[in-house]
file work_17.cif (mmCIF, C-alpha atoms)
data_start
loop_
_atom_site.group_PDB
_atom_site.id
_atom_site.type_symbol
_atom_site.label_atom_id
_atom_site.label_comp_id
_atom_site.auth_asym_id
_atom_site.auth_seq_id
_atom_site.Cartn_x
_atom_site.Cartn_y
_atom_site.Cartn_z
ATOM 1 C CA MET A 1 -3.618 11.232 9.961
ATOM 2 C CA ALA A 2 -5.043 10.652 6.456
ATOM 3 C CA VAL A 3 -8.176 8.597 6.985
ATOM 4 C CA THR A 4 -10.323 6.984 4.320
ATOM 5 C CA ILE A 5 -13.800 5.590 4.919
ATOM 6 C CA ARG A 6 -14.957 2.752 2.685
ATOM 7 C CA ARG A 7 -17.018 -0.429 2.790
ATOM 8 C CA LEU A 8 -15.677 -3.280 4.872
ATOM 9 C CA GLU A 9 -13.709 -5.779 2.769
ATOM 10 C CA GLU A 10 -13.167 -9.469 3.395
ATOM 11 C CA PHE A 11 -9.485 -9.257 4.261
ATOM 12 C CA ASP A 12 -9.606 -6.173 6.439
ATOM 13 C CA ASP A 13 -7.818 -6.586 9.752
ATOM 14 C CA VAL A 14 -10.549 -6.463 12.366
ATOM 15 C CA GLY A 15 -8.813 -8.764 14.875
ATOM 16 C CA SER A 16 -7.017 -6.026 16.779
ATOM 17 C CA PHE A 17 -9.975 -3.630 16.893
ATOM 18 C CA ASP A 18 -10.923 -2.615 20.424
ATOM 19 C CA CYS A 19 -13.376 0.172 21.190
ATOM 20 C CA GLY A 20 -13.732 -0.850 24.825
ATOM 21 C CA ASP A 21 -17.196 -2.304 24.306
ATOM 22 C CA GLN A 22 -17.381 -6.075 23.867
ATOM 23 C CA PRO A 23 -20.627 -6.298 21.860
ATOM 24 C CA LEU A 24 -19.355 -3.660 19.398
ATOM 25 C CA ASN A 25 -15.960 -5.420 19.114
ATOM 26 C CA ASN A 26 -17.646 -8.782 18.585
ATOM 27 C CA TYR A 27 -19.989 -7.423 15.972
ATOM 28 C CA LEU A 28 -17.097 -6.185 13.836
ATOM 29 C CA LYS A 29 -14.978 -9.292 14.344
ATOM 30 C CA GLN A 30 -17.628 -11.970 14.032
ATOM 31 C CA HIS A 31 -20.690 -10.673 12.247
ATOM 32 C CA ALA A 32 -20.061 -7.550 10.166
ATOM 33 C CA TRP A 33 -18.645 -9.294 7.092
ATOM 34 C CA THR A 34 -21.188 -12.130 7.129
ATOM 35 C CA ASN A 35 -24.051 -9.712 7.626
ATOM 36 C CA GLN A 36 -22.830 -7.601 4.751
ATOM 37 C CA GLN A 37 -22.036 -10.306 2.195
ATOM 38 C CA LYS A 38 -24.220 -13.277 3.009
ATOM 39 C CA SER A 39 -27.136 -12.251 5.157
ATOM 40 C CA SER A 40 -27.700 -8.767 3.727
ATOM 41 C CA ILE A 41 -28.505 -7.430 7.179
ATOM 42 C CA GLY A 42 -26.272 -4.385 7.266
ATOM 43 C CA VAL A 43 -23.465 -2.704 5.389
ATOM 44 C CA THR A 44 -20.411 -1.789 7.426
ATOM 45 C CA TYR A 45 -18.158 1.122 6.559
ATOM 46 C CA VAL A 46 -14.694 1.267 8.063
ATOM 47 C CA ALA A 47 -12.183 4.022 8.688
ATOM 48 C CA ILE A 48 -8.661 3.104 7.698
ATOM 49 C CA GLU A 49 -5.404 4.995 7.594
ATOM 50 C CA GLU A 50 -3.605 5.188 4.284
ATOM 51 C CA SER A 51 -0.348 3.956 5.811
ATOM 52 C CA ALA A 52 -2.045 0.759 7.053
ATOM 53 C CA PRO A 53 -4.940 0.265 4.642
ATOM 54 C CA ARG A 54 -6.251 -2.973 6.191
ATOM 55 C CA ALA A 55 -6.312 -1.993 9.863
ATOM 56 C CA VAL A 56 -9.763 -0.869 10.952
ATOM 57 C CA LEU A 57 -9.722 2.194 13.213
ATOM 58 C CA GLY A 58 -13.463 2.713 13.475
ATOM 59 C CA TYR A 59 -16.679 1.627 11.831
ATOM 60 C CA PHE A 60 -20.378 2.145 11.462
ATOM 61 C CA THR A 61 -23.133 -0.064 10.098
ATOM 62 C CA LEU A 62 -26.150 1.051 8.105
ATOM 63 C CA ALA A 63 -29.348 -0.663 7.019
ATOM 64 C CA THR A 64 -32.700 0.486 5.757
ATOM 65 C CA SER A 65 -35.995 -0.187 7.460
ATOM 66 C CA SER A 66 -39.567 0.984 7.313
ATOM 67 C CA VAL A 67 -42.487 1.424 9.638
ATOM 68 C CA PRO A 68 -45.859 0.282 8.271
ATOM 69 C CA ARG A 69 -48.195 3.250 7.941
ATOM 70 C CA ASP A 70 -51.050 1.387 9.606
ATOM 71 C CA SER A 71 -48.968 0.847 12.742
ATOM 72 C CA LEU A 72 -48.627 4.610 13.313
ATOM 73 C CA PRO A 73 -51.212 6.447 15.452
ATOM 74 C CA LYS A 74 -54.001 7.825 13.259
ATOM 75 C CA LYS A 75 -53.729 11.361 14.579
ATOM 76 C CA TYR A 76 -50.282 11.701 13.005
ATOM 77 C CA VAL A 77 -50.620 9.863 9.693
ATOM 78 C CA ARG A 78 -52.352 12.797 8.020
ATOM 79 C CA GLY A 79 -49.054 14.666 8.138
ATOM 80 C CA LEU A 80 -47.230 11.814 6.450
ATOM 81 C CA PRO A 81 -47.134 10.575 2.849
ATOM 82 C CA PRO A 82 -49.539 7.677 2.166
ATOM 83 C CA TYR A 83 -46.824 5.030 2.329
ATOM 84 C CA ASP A 84 -44.859 3.112 4.918
ATOM 85 C CA LEU A 85 -42.294 5.345 6.590
ATOM 86 C CA PRO A 86 -38.856 4.565 5.085
ATOM 87 C CA LEU A 87 -35.838 5.145 7.285
ATOM 88 C CA ILE A 88 -32.135 4.476 7.611
ATOM 89 C CA LEU A 89 -30.837 2.729 10.689
ATOM 90 C CA LEU A 90 -27.429 3.752 11.971
ATOM 91 C CA ALA A 91 -27.026 0.443 13.745
ATOM 92 C CA ARG A 92 -23.561 0.771 15.212
ATOM 93 C CA LEU A 93 -20.749 3.300 15.388
ATOM 94 C CA ALA A 94 -17.489 2.670 17.214
ATOM 95 C CA VAL A 95 -13.919 3.965 17.327
ATOM 96 C CA ASP A 96 -10.849 2.056 18.468
ATOM 97 C CA THR A 97 -9.715 3.392 21.858
ATOM 98 C CA ARG A 98 -6.229 4.089 20.448
ATOM 99 C CA PHE A 99 -7.794 6.675 18.142
ATOM 100 C CA ALA A 100 -10.431 8.082 20.488
ATOM 101 C CA GLY A 101 -10.580 11.871 20.816
ATOM 102 C CA LYS A 102 -9.092 12.481 17.361
ATOM 103 C CA GLY A 103 -12.321 13.296 15.608
ATOM 104 C CA LEU A 104 -12.715 9.868 14.047
ATOM 105 C CA GLY A 105 -16.265 9.460 15.393
ATOM 106 C CA ASP A 106 -17.155 12.802 13.810
ATOM 107 C CA ALA A 107 -15.648 11.692 10.484
ATOM 108 C CA LEU A 108 -17.596 8.430 10.612
ATOM 109 C CA ILE A 109 -20.938 10.045 11.363
ATOM 110 C CA MET A 110 -20.341 12.668 8.648
ATOM 111 C CA GLU A 111 -19.914 9.850 6.139
ATOM 112 C CA ALA A 112 -23.074 8.189 7.472
ATOM 113 C CA PHE A 113 -24.981 11.455 6.864
ATOM 114 C CA LYS A 114 -23.660 11.700 3.319
ATOM 115 C CA ILE A 115 -24.610 8.112 2.538
ATOM 116 C CA THR A 116 -28.049 8.765 4.025
ATOM 117 C CA LEU A 117 -28.557 11.698 1.670
ATOM 118 C CA ARG A 118 -27.451 9.596 -1.314
ATOM 119 C CA VAL A 119 -29.829 6.784 -0.357
ATOM 120 C CA ALA A 120 -32.630 9.294 0.246
ATOM 121 C CA GLY A 121 -32.003 10.676 -3.225
ATOM 122 C CA GLU A 122 -31.972 7.294 -4.894
ATOM 123 C CA VAL A 123 -34.574 5.189 -3.124
ATOM 124 C CA GLY A 124 -36.174 7.578 -0.632
ATOM 125 C CA CYS A 125 -35.953 7.772 3.142
ATOM 126 C CA ARG A 126 -37.573 10.100 5.639
ATOM 127 C CA CYS A 127 -35.312 9.922 8.651
ATOM 128 C CA MET A 128 -32.298 8.395 10.291
ATOM 129 C CA ILE A 129 -32.707 6.320 13.437
ATOM 130 C CA THR A 130 -30.008 5.209 15.845
ATOM 131 C CA ASP A 131 -29.984 3.077 18.965
ATOM 132 C CA ALA A 132 -27.667 5.063 21.212
ATOM 133 C CA TYR A 133 -26.075 3.852 24.407
ATOM 134 C CA ARG A 134 -27.413 6.009 27.237
ATOM 135 C CA ASP A 135 -24.016 7.597 27.857
ATOM 136 C CA ARG A 136 -23.721 8.534 24.166
ATOM 137 C CA VAL A 137 -27.092 10.272 23.827
ATOM 138 C CA ALA A 138 -25.549 13.726 24.264
ATOM 139 C CA TRP A 139 -22.986 13.009 21.539
ATOM 140 C CA TYR A 140 -25.713 12.144 19.027
ATOM 141 C CA ALA A 141 -27.835 15.095 20.214
ATOM 142 C CA ARG A 142 -24.995 17.432 19.155
ATOM 143 C CA TYR A 143 -25.795 16.428 15.579
ATOM 144 C CA GLY A 144 -29.504 16.993 16.052
ATOM 145 C CA PHE A 145 -30.670 13.466 16.895
ATOM 146 C CA ILE A 146 -33.802 13.722 19.045
ATOM 147 C CA PRO A 147 -34.620 11.018 21.627
ATOM 148 C CA ILE A 148 -37.684 8.957 20.769
ATOM 149 C CA GLU A 149 -39.837 8.555 23.865
ATOM 150 C CA GLY A 150 -40.939 5.195 25.140
ATOM 151 C CA ALA A 151 -37.761 3.137 25.416
ATOM 152 C CA GLN A 152 -37.169 1.296 28.671
ATOM 153 C CA LYS A 153 -34.534 2.934 30.849
ATOM 154 C CA VAL A 154 -32.179 -0.035 30.537
ATOM 155 C CA SER A 155 -32.446 -0.265 26.741
ATOM 156 C CA PRO A 156 -30.476 1.801 24.269
ATOM 157 C CA GLN A 157 -32.174 5.073 23.417
ATOM 158 C CA LYS A 158 -33.742 5.231 19.954
ATOM 159 C CA MET A 159 -33.011 8.639 18.415
ATOM 160 C CA PHE A 160 -34.452 10.402 15.361
ATOM 161 C CA LEU A 161 -32.954 12.753 12.794
ATOM 162 C CA ASP A 162 -35.072 14.075 9.931
ATOM 163 C CA VAL A 163 -33.463 13.773 6.483
ATOM 164 C CA ARG A 164 -34.793 17.271 5.742
ATOM 165 C CA THR A 165 -32.668 18.551 8.632
ATOM 166 C CA ILE A 166 -29.566 16.916 7.130
ATOM 167 C CA ARG A 167 -30.417 18.456 3.741
ATOM 168 C CA ALA A 168 -30.839 21.863 5.360
ATOM 169 C CA ALA A 169 -27.441 21.465 7.025
ATOM 170 C CA LEU A 170 -25.845 20.607 3.683
ATOM 171 C CA LYS A 171 -27.442 23.667 2.085
ATOM 172 C CA SER A 172 -26.461 25.884 4.984
ATOM 173 C CA GLY A 173 -22.903 24.515 4.994
ATOM 174 C CA SER A 174 -22.552 25.111 1.240
ATOM 175 C CA ALA A 175 -23.911 28.655 1.570
ATOM 176 C CA GLN A 176 -21.292 29.499 4.216
ATOM 177 C CA GLU A 177 -18.372 28.406 2.042
ATOM 178 C CA MET B 1 -73.232 -1.325 -55.572
ATOM 179 C CA ARG B 2 -69.930 -3.046 -55.692
ATOM 180 C CA ALA B 3 -68.228 0.248 -56.669
ATOM 181 C CA ALA B 4 -69.895 1.989 -53.682
ATOM 182 C CA VAL B 5 -68.486 -0.567 -51.288
ATOM 183 C CA LYS B 6 -65.076 -0.144 -52.883
ATOM 184 C CA ASP B 7 -65.298 3.649 -52.402
ATOM 185 C CA LYS B 8 -66.398 3.238 -48.820
ATOM 186 C CA LEU B 9 -63.469 1.002 -48.130
ATOM 187 C CA LYS B 10 -61.126 3.380 -49.882
ATOM 188 C CA ASN B 11 -62.338 6.341 -47.829
ATOM 189 C CA ALA B 12 -62.431 4.529 -44.492
ATOM 190 C CA ALA B 13 -59.656 5.405 -42.031
ATOM 191 C CA PRO B 14 -56.916 2.812 -42.140
ATOM 192 C CA SER B 15 -57.141 0.432 -39.169
ATOM 193 C CA PRO B 16 -54.283 1.067 -36.757
ATOM 194 C CA LYS B 17 -51.665 -1.614 -37.083
ATOM 195 C CA VAL B 18 -49.257 -2.403 -34.288
ATOM 196 C CA ARG B 19 -45.860 -2.025 -35.773
ATOM 197 C CA LYS B 20 -43.696 -4.963 -34.919
ATOM 198 C CA SER B 21 -39.956 -4.568 -34.786
ATOM 199 C CA LYS B 22 -37.751 -7.168 -36.321
ATOM 200 C CA PHE B 23 -34.888 -8.399 -34.230
ATOM 201 C CA GLN B 24 -31.942 -10.037 -35.856
ATOM 202 C CA ALA B 25 -28.850 -11.250 -34.109
ATOM 203 C CA ASP B 26 -25.647 -12.813 -35.295
ATOM 204 C CA LEU B 27 -24.956 -15.625 -32.883
ATOM 205 C CA ALA B 28 -21.769 -17.583 -32.554
ATOM 206 C CA PRO B 29 -22.299 -21.315 -33.085
ATOM 207 C CA SER B 30 -21.987 -21.941 -29.340
ATOM 208 C CA GLU B 31 -24.627 -19.299 -28.560
ATOM 209 C CA ASP B 32 -26.905 -20.658 -31.253
ATOM 210 C CA SER B 33 -26.557 -24.068 -29.671
ATOM 211 C CA ILE B 34 -27.472 -22.612 -26.254
ATOM 212 C CA VAL B 35 -30.573 -20.997 -27.733
ATOM 213 C CA ARG B 36 -31.635 -24.279 -29.349
ATOM 214 C CA THR B 37 -31.050 -26.215 -26.117
ATOM 215 C CA LEU B 38 -32.970 -23.683 -24.043
ATOM 216 C CA LYS B 39 -35.862 -23.661 -26.510
ATOM 217 C CA ALA B 40 -35.996 -27.446 -26.343
ATOM 218 C CA GLU B 41 -35.869 -27.457 -22.528
ATOM 219 C CA LEU B 42 -38.554 -24.815 -22.298
ATOM 220 C CA GLU B 43 -40.602 -26.514 -25.020
ATOM 221 C CA MET B 44 -40.611 -23.415 -27.170
ATOM 222 C CA THR B 45 -40.816 -23.514 -30.918
ATOM 223 C CA SER B 46 -40.685 -19.880 -31.895
ATOM 224 C CA ASN B 47 -37.824 -17.436 -31.564
ATOM 225 C CA THR B 48 -40.383 -14.721 -30.849
ATOM 226 C CA ASP B 49 -41.651 -16.517 -27.734
ATOM 227 C CA PHE B 50 -38.093 -17.196 -26.681
ATOM 228 C CA LEU B 51 -37.117 -13.557 -27.034
ATOM 229 C CA SER B 52 -40.285 -12.389 -25.329
ATOM 230 C CA ASP B 53 -39.634 -14.551 -22.230
ATOM 231 C CA ALA B 54 -35.950 -13.647 -22.156
ATOM 232 C CA LEU B 55 -36.950 -9.995 -22.335
ATOM 233 C CA ALA B 56 -39.401 -10.363 -19.438
ATOM 234 C CA LEU B 57 -36.721 -12.009 -17.319
ATOM 235 C CA PHE B 58 -34.116 -9.380 -18.170
ATOM 236 C CA ARG B 59 -36.580 -6.593 -17.516
ATOM 237 C CA TRP B 60 -37.344 -8.027 -14.082
ATOM 238 C CA ALA B 61 -33.618 -8.363 -13.276
ATOM 239 C CA VAL B 62 -32.988 -4.746 -14.267
ATOM 240 C CA SER B 63 -35.886 -3.469 -12.148
ATOM 241 C CA GLU B 64 -34.671 -5.441 -9.114
ATOM 242 C CA ARG B 65 -31.103 -4.113 -9.396
ATOM 243 C CA LYS B 66 -32.428 -0.592 -9.936
ATOM 244 C CA ARG B 67 -34.099 -0.881 -6.543
ATOM 245 C CA GLY B 68 -30.795 -1.993 -5.047
ATOM 246 C CA HIS B 69 -31.943 -5.592 -4.603
ATOM 247 C CA ILE B 70 -29.530 -8.435 -5.236
ATOM 248 C CA ILE B 71 -30.546 -11.478 -7.270
ATOM 249 C CA VAL B 72 -29.834 -14.680 -5.422
ATOM 250 C CA SER B 73 -30.321 -18.378 -6.091
ATOM 251 C CA GLU B 74 -30.615 -20.601 -3.050
ATOM 252 C CA SER B 75 -30.142 -24.351 -3.070
ATOM 253 C CA SER B 76 -32.186 -26.753 -0.971
ATOM 254 C CA THR B 77 -29.279 -26.868 1.497
ATOM 255 C CA GLY B 78 -29.259 -23.099 1.854
ATOM 256 C CA GLU B 79 -26.199 -22.454 -0.318
ATOM 257 C CA ARG B 80 -26.651 -19.067 -1.943
ATOM 258 C CA LYS B 81 -25.210 -17.655 -5.116
ATOM 259 C CA ILE B 82 -25.504 -14.013 -6.098
ATOM 260 C CA LEU B 83 -25.942 -13.082 -9.736
ATOM 261 C CA VAL B 84 -23.356 -10.504 -10.722
ATOM 262 C CA LEU B 85 -23.606 -9.263 -14.277
ATOM 263 C CA PRO B 86 -21.476 -6.209 -15.094
ATOM 264 C CA ARG B 87 -24.193 -4.705 -17.290
ATOM 265 C CA LEU B 88 -26.769 -5.081 -14.532
ATOM 266 C CA GLU B 89 -24.466 -3.316 -12.092
ATOM 267 C CA ARG B 90 -24.705 -0.210 -14.285
ATOM 268 C CA VAL B 91 -28.302 0.301 -13.195
ATOM 269 C CA ALA B 92 -27.715 -0.545 -9.532
ATOM 270 C CA PRO B 93 -27.907 2.445 -7.180
ATOM 271 C CA GLU B 94 -24.564 3.728 -5.990
ATOM 272 C CA VAL B 95 -25.435 2.872 -2.407
ATOM 273 C CA ALA B 96 -27.589 -0.137 -1.648
ATOM 274 C CA LEU B 97 -28.423 -0.948 1.936
ATOM 275 C CA PRO B 98 -30.197 -4.065 3.132
ATOM 276 C CA HIS B 99 -33.599 -3.867 4.774
ATOM 277 C CA VAL B 100 -34.095 -4.891 8.406
ATOM 278 C CA ASP B 101 -37.025 -4.932 10.803
ATOM 279 C CA ILE B 102 -36.886 -2.803 13.931
ATOM 280 C CA HIS B 103 -38.965 -3.571 16.988
ATOM 281 C CA TRP B 104 -41.035 -0.583 18.111
ATOM 282 C CA ASN B 105 -43.296 -0.342 21.128
ATOM 283 C CA GLU B 106 -46.473 1.748 21.016
ATOM 284 C CA ARG B 107 -45.022 4.780 22.775
ATOM 285 C CA GLU B 108 -42.005 4.783 20.499
ATOM 286 C CA LEU B 109 -44.255 4.620 17.433
ATOM 287 C CA GLU B 110 -46.277 7.556 18.701
ATOM 288 C CA SER B 111 -43.140 9.579 19.366
ATOM 289 C CA LEU B 112 -41.671 8.636 15.958
ATOM 290 C CA ALA B 113 -44.902 9.559 14.159
ATOM 291 C CA ALA B 114 -45.048 12.923 15.957
ATOM 292 C CA LEU B 115 -41.457 13.704 14.975
ATOM 293 C CA ALA B 116 -41.782 12.493 11.373
ATOM 294 C CA SER B 117 -45.073 14.284 10.706
ATOM 295 C CA GLY B 118 -43.937 17.594 12.183
ATOM 296 C CA GLN B 119 -41.691 20.284 10.799
ATOM 297 C CA PRO B 120 -38.035 19.244 10.621
ATOM 298 C CA ALA B 121 -35.773 20.605 13.335
ATOM 299 C CA GLN B 122 -33.227 23.257 12.443
ATOM 300 C CA PRO B 123 -29.772 21.733 11.905
ATOM 301 C CA THR B 124 -27.375 22.075 14.807
ATOM 302 C CA LYS B 125 -24.014 23.812 14.432
ATOM 303 C CA ALA B 126 -22.222 20.463 14.641
ATOM 304 C CA LEU B 127 -24.361 19.033 11.837
ATOM 305 C CA ILE B 128 -23.779 22.066 9.617
ATOM 306 C CA ARG B 129 -20.047 21.812 10.299
ATOM 307 C CA ALA B 130 -20.119 18.088 9.491
ATOM 308 C CA MET B 131 -21.892 18.625 6.182
ATOM 309 C CA ARG B 132 -19.443 21.344 5.186
ATOM 310 C CA HIS B 133 -16.542 18.868 5.034
#
call {"tool": "encode", "arguments": {"input": "work_17.cif", "output": "structure tokens"}}
result
Amino acid sequence: MAVTIRRLEEFDDVGSFDCGDQPLNNYLKQHAWTNQQKSSIGVTYVAIEESAPRAVLGYFTLATSSVPRDSLPKKYVRGLPPYDLPLILLARLAVDTRFAGKGLGDALIMEAFKITLRVAGEVGCRCMITDAYRDRVAWYARYGFIPIEGAQKVSPQKMFLDVRTIRAALKSGSAQE
Amino acid sequence: MRAAVKDKLKNAAPSPKVRKSKFQADLAPSEDSIVRTLKAELEMTSNTDFLSDALALFRWAVSERKRGHIIVSESSTGERKILVLPRLERVAPEVALPHVDIHWNERELESLAALASGQPAQPTKALIRAMRH
């Protein structure tokens, strides 16, 4: 299966996408394009197969955010640069059930890491944050995401991945080749 | 006395002059007409002032696109139009992501600050494998 990951386009076929989770399906079908083009809330990247270049097999959405420095506890700010903390939010990641278990989720998150490094290089960002469903925490943890304490048990789990860790992985991966 | 003053002036260091560049452009009649109309609308008489303001505007547009921001006009009814100028896109970052606000509670902020201010974790095997592809 030759898969390409690119930005969502207006005429992509999102109607038949089904990842088994209604909010994630609805986001892609009803909000992703508007949020990307009109509202500037998030940019969605889609996985498509070359033989059917409009059918979306999986997607993820990214946005940037920042945490004001003065909202962080004083005992930690000394270890941080004297600016607001810039971060990248991996807002959503989903794979169509017909393609589950084929490594598509891994391919999507790999692309998200690469984009994160490019953004970090161009405009700066300290970490990646995701809001993981509770049953997906272990999947994100495989990639080094660390749970952020304090979320309510019924809410998605915020998770943290340092950009320096992603850089180290890139360096380590290149060294092994 | 007069000769002494002349000598003094001759020996004095020349006052630094700001070198001004001349700018000349060959405009098509239609463009010339646009410039004249704009100058009239903006109540400008000199080409220098016109160029100076145009330069300030262009400089601002370039700095906004460099930061990945889009330049939008919004009507009173909320209709938005995005300025797309091929030359401006040359300075835009390859990847531009919009900015959103995230709600954090106090405990989450403390945990985030502890993680961000500490040493980065070692990459996991899965992450190294992912970055190798």
call {"tool": "resolve_selection", "arguments": {"input": "work_17.cif", "expression": "the PyMOL selection byres ((chain B) within 12 of (chain A))", "output": "count of residues only"}}
result
57
call {"tool": "resolve_selection", "arguments": {"input": "work_17.cif", "expression": "the PyMOL selection byres ((chain A and resi 50-53) around 8)", "output": "number ranges by chain"}}
result
A: 2-4, 48-49, 54-55
call {"tool": "atom_distance", "arguments": {"input": "work_17.cif", "atom1": "atom CA of Leu57 of chain A", "atom2": "atom CA of Phe99 of chain A"}}
result
6.9 Å
call {"tool": "atom_distance", "arguments": {"input": "work_17.cif", "atom1": "atom CA of Leu24 of chain A", "atom2": "atom CA of Ala120 of chain A"}}
result
26.7 Å
call {"tool": "closest_residue", "arguments": {"input": "work_17.cif", "among": "B:Val62, B:Ala40, B:Ser21, B:Asp32", "to": "Arg90 of chain B", "atoms": "all atoms listed in the file"}}
result
B:Val62
call {"tool": "decode", "arguments": {"input": "work_17.cif", "residues": "segment 29-42 of chain B", "atoms": "N, CA and C atoms", "output": "tab-separated table (two decimals), in the first residue's frame"}}
result
chain	number	residue	atom	x	y	z
B	29	PRO	N	1.33	53.09	-18.32
B	29	PRO	CA	0.34	54.16	-18.11
B	29	PRO	C	-0.72	53.78	-17.06
B	30	SER	N	-1.16	52.53	-17.08
B	30	SER	CA	-2.20	52.13	-16.12
B	30	SER	C	-1.66	52.19	-14.69
B	31	GLU	N	-0.40	51.77	-14.51
B	31	GLU	CA	0.19	51.81	-13.17
B	31	GLU	C	0.42	53.25	-12.71
B	32	ASP	N	0.84	54.07	-13.66
B	32	ASP	CA	1.04	55.49	-13.34
B	32	ASP	C	-0.28	56.11	-12.88
B	33	SER	N	-1.34	55.71	-13.55
B	33	SER	CA	-2.66	56.23	-13.20
B	33	SER	C	-3.05	55.76	-11.78
B	34	ILE	N	-2.72	54.51	-11.47
B	34	ILE	CA	-3.03	53.98	-10.13
B	34	ILE	C	-2.27	54.79	-9.07
B	35	VAL	N	-1.00	55.06	-9.36
B	35	VAL	CA	-0.19	55.82	-8.40
B	35	VAL	C	-0.80	57.20	-8.18
B	36	ARG	N	-1.18	57.84	-9.28
B	36	ARG	CA	-1.77	59.20	-9.16
B	36	ARG	C	-3.07	59.14	-8.35
B	37	THR	N	-3.91	58.15	-8.65
B	37	THR	CA	-5.19	58.02	-7.93
B	37	THR	C	-4.94	57.80	-6.44
B	38	LEU	N	-4.02	56.87	-6.14
B	38	LEU	CA	-3.73	56.57	-4.73
B	38	LEU	C	-3.19	57.81	-4.01
B	39	LYS	N	-2.29	58.52	-4.69
B	39	LYS	CA	-1.73	59.73	-4.06
B	39	LYS	C	-2.83	60.75	-3.76
B	40	ALA	N	-3.77	60.84	-4.71
B	40	ALA	CA	-4.88	61.79	-4.50
B	40	ALA	C	-5.75	61.33	-3.33
B	41	GLU	N	-6.06	60.03	-3.31
B	41	GLU	CA	-6.91	59.50	-2.22
B	41	GLU	C	-6.26	59.66	-0.86
B	42	LEU	N	-4.95	59.45	-0.85
B	42	LEU	CA	-4.22	59.52	0.42
B	42	LEU	C	-3.71	60.93	0.73
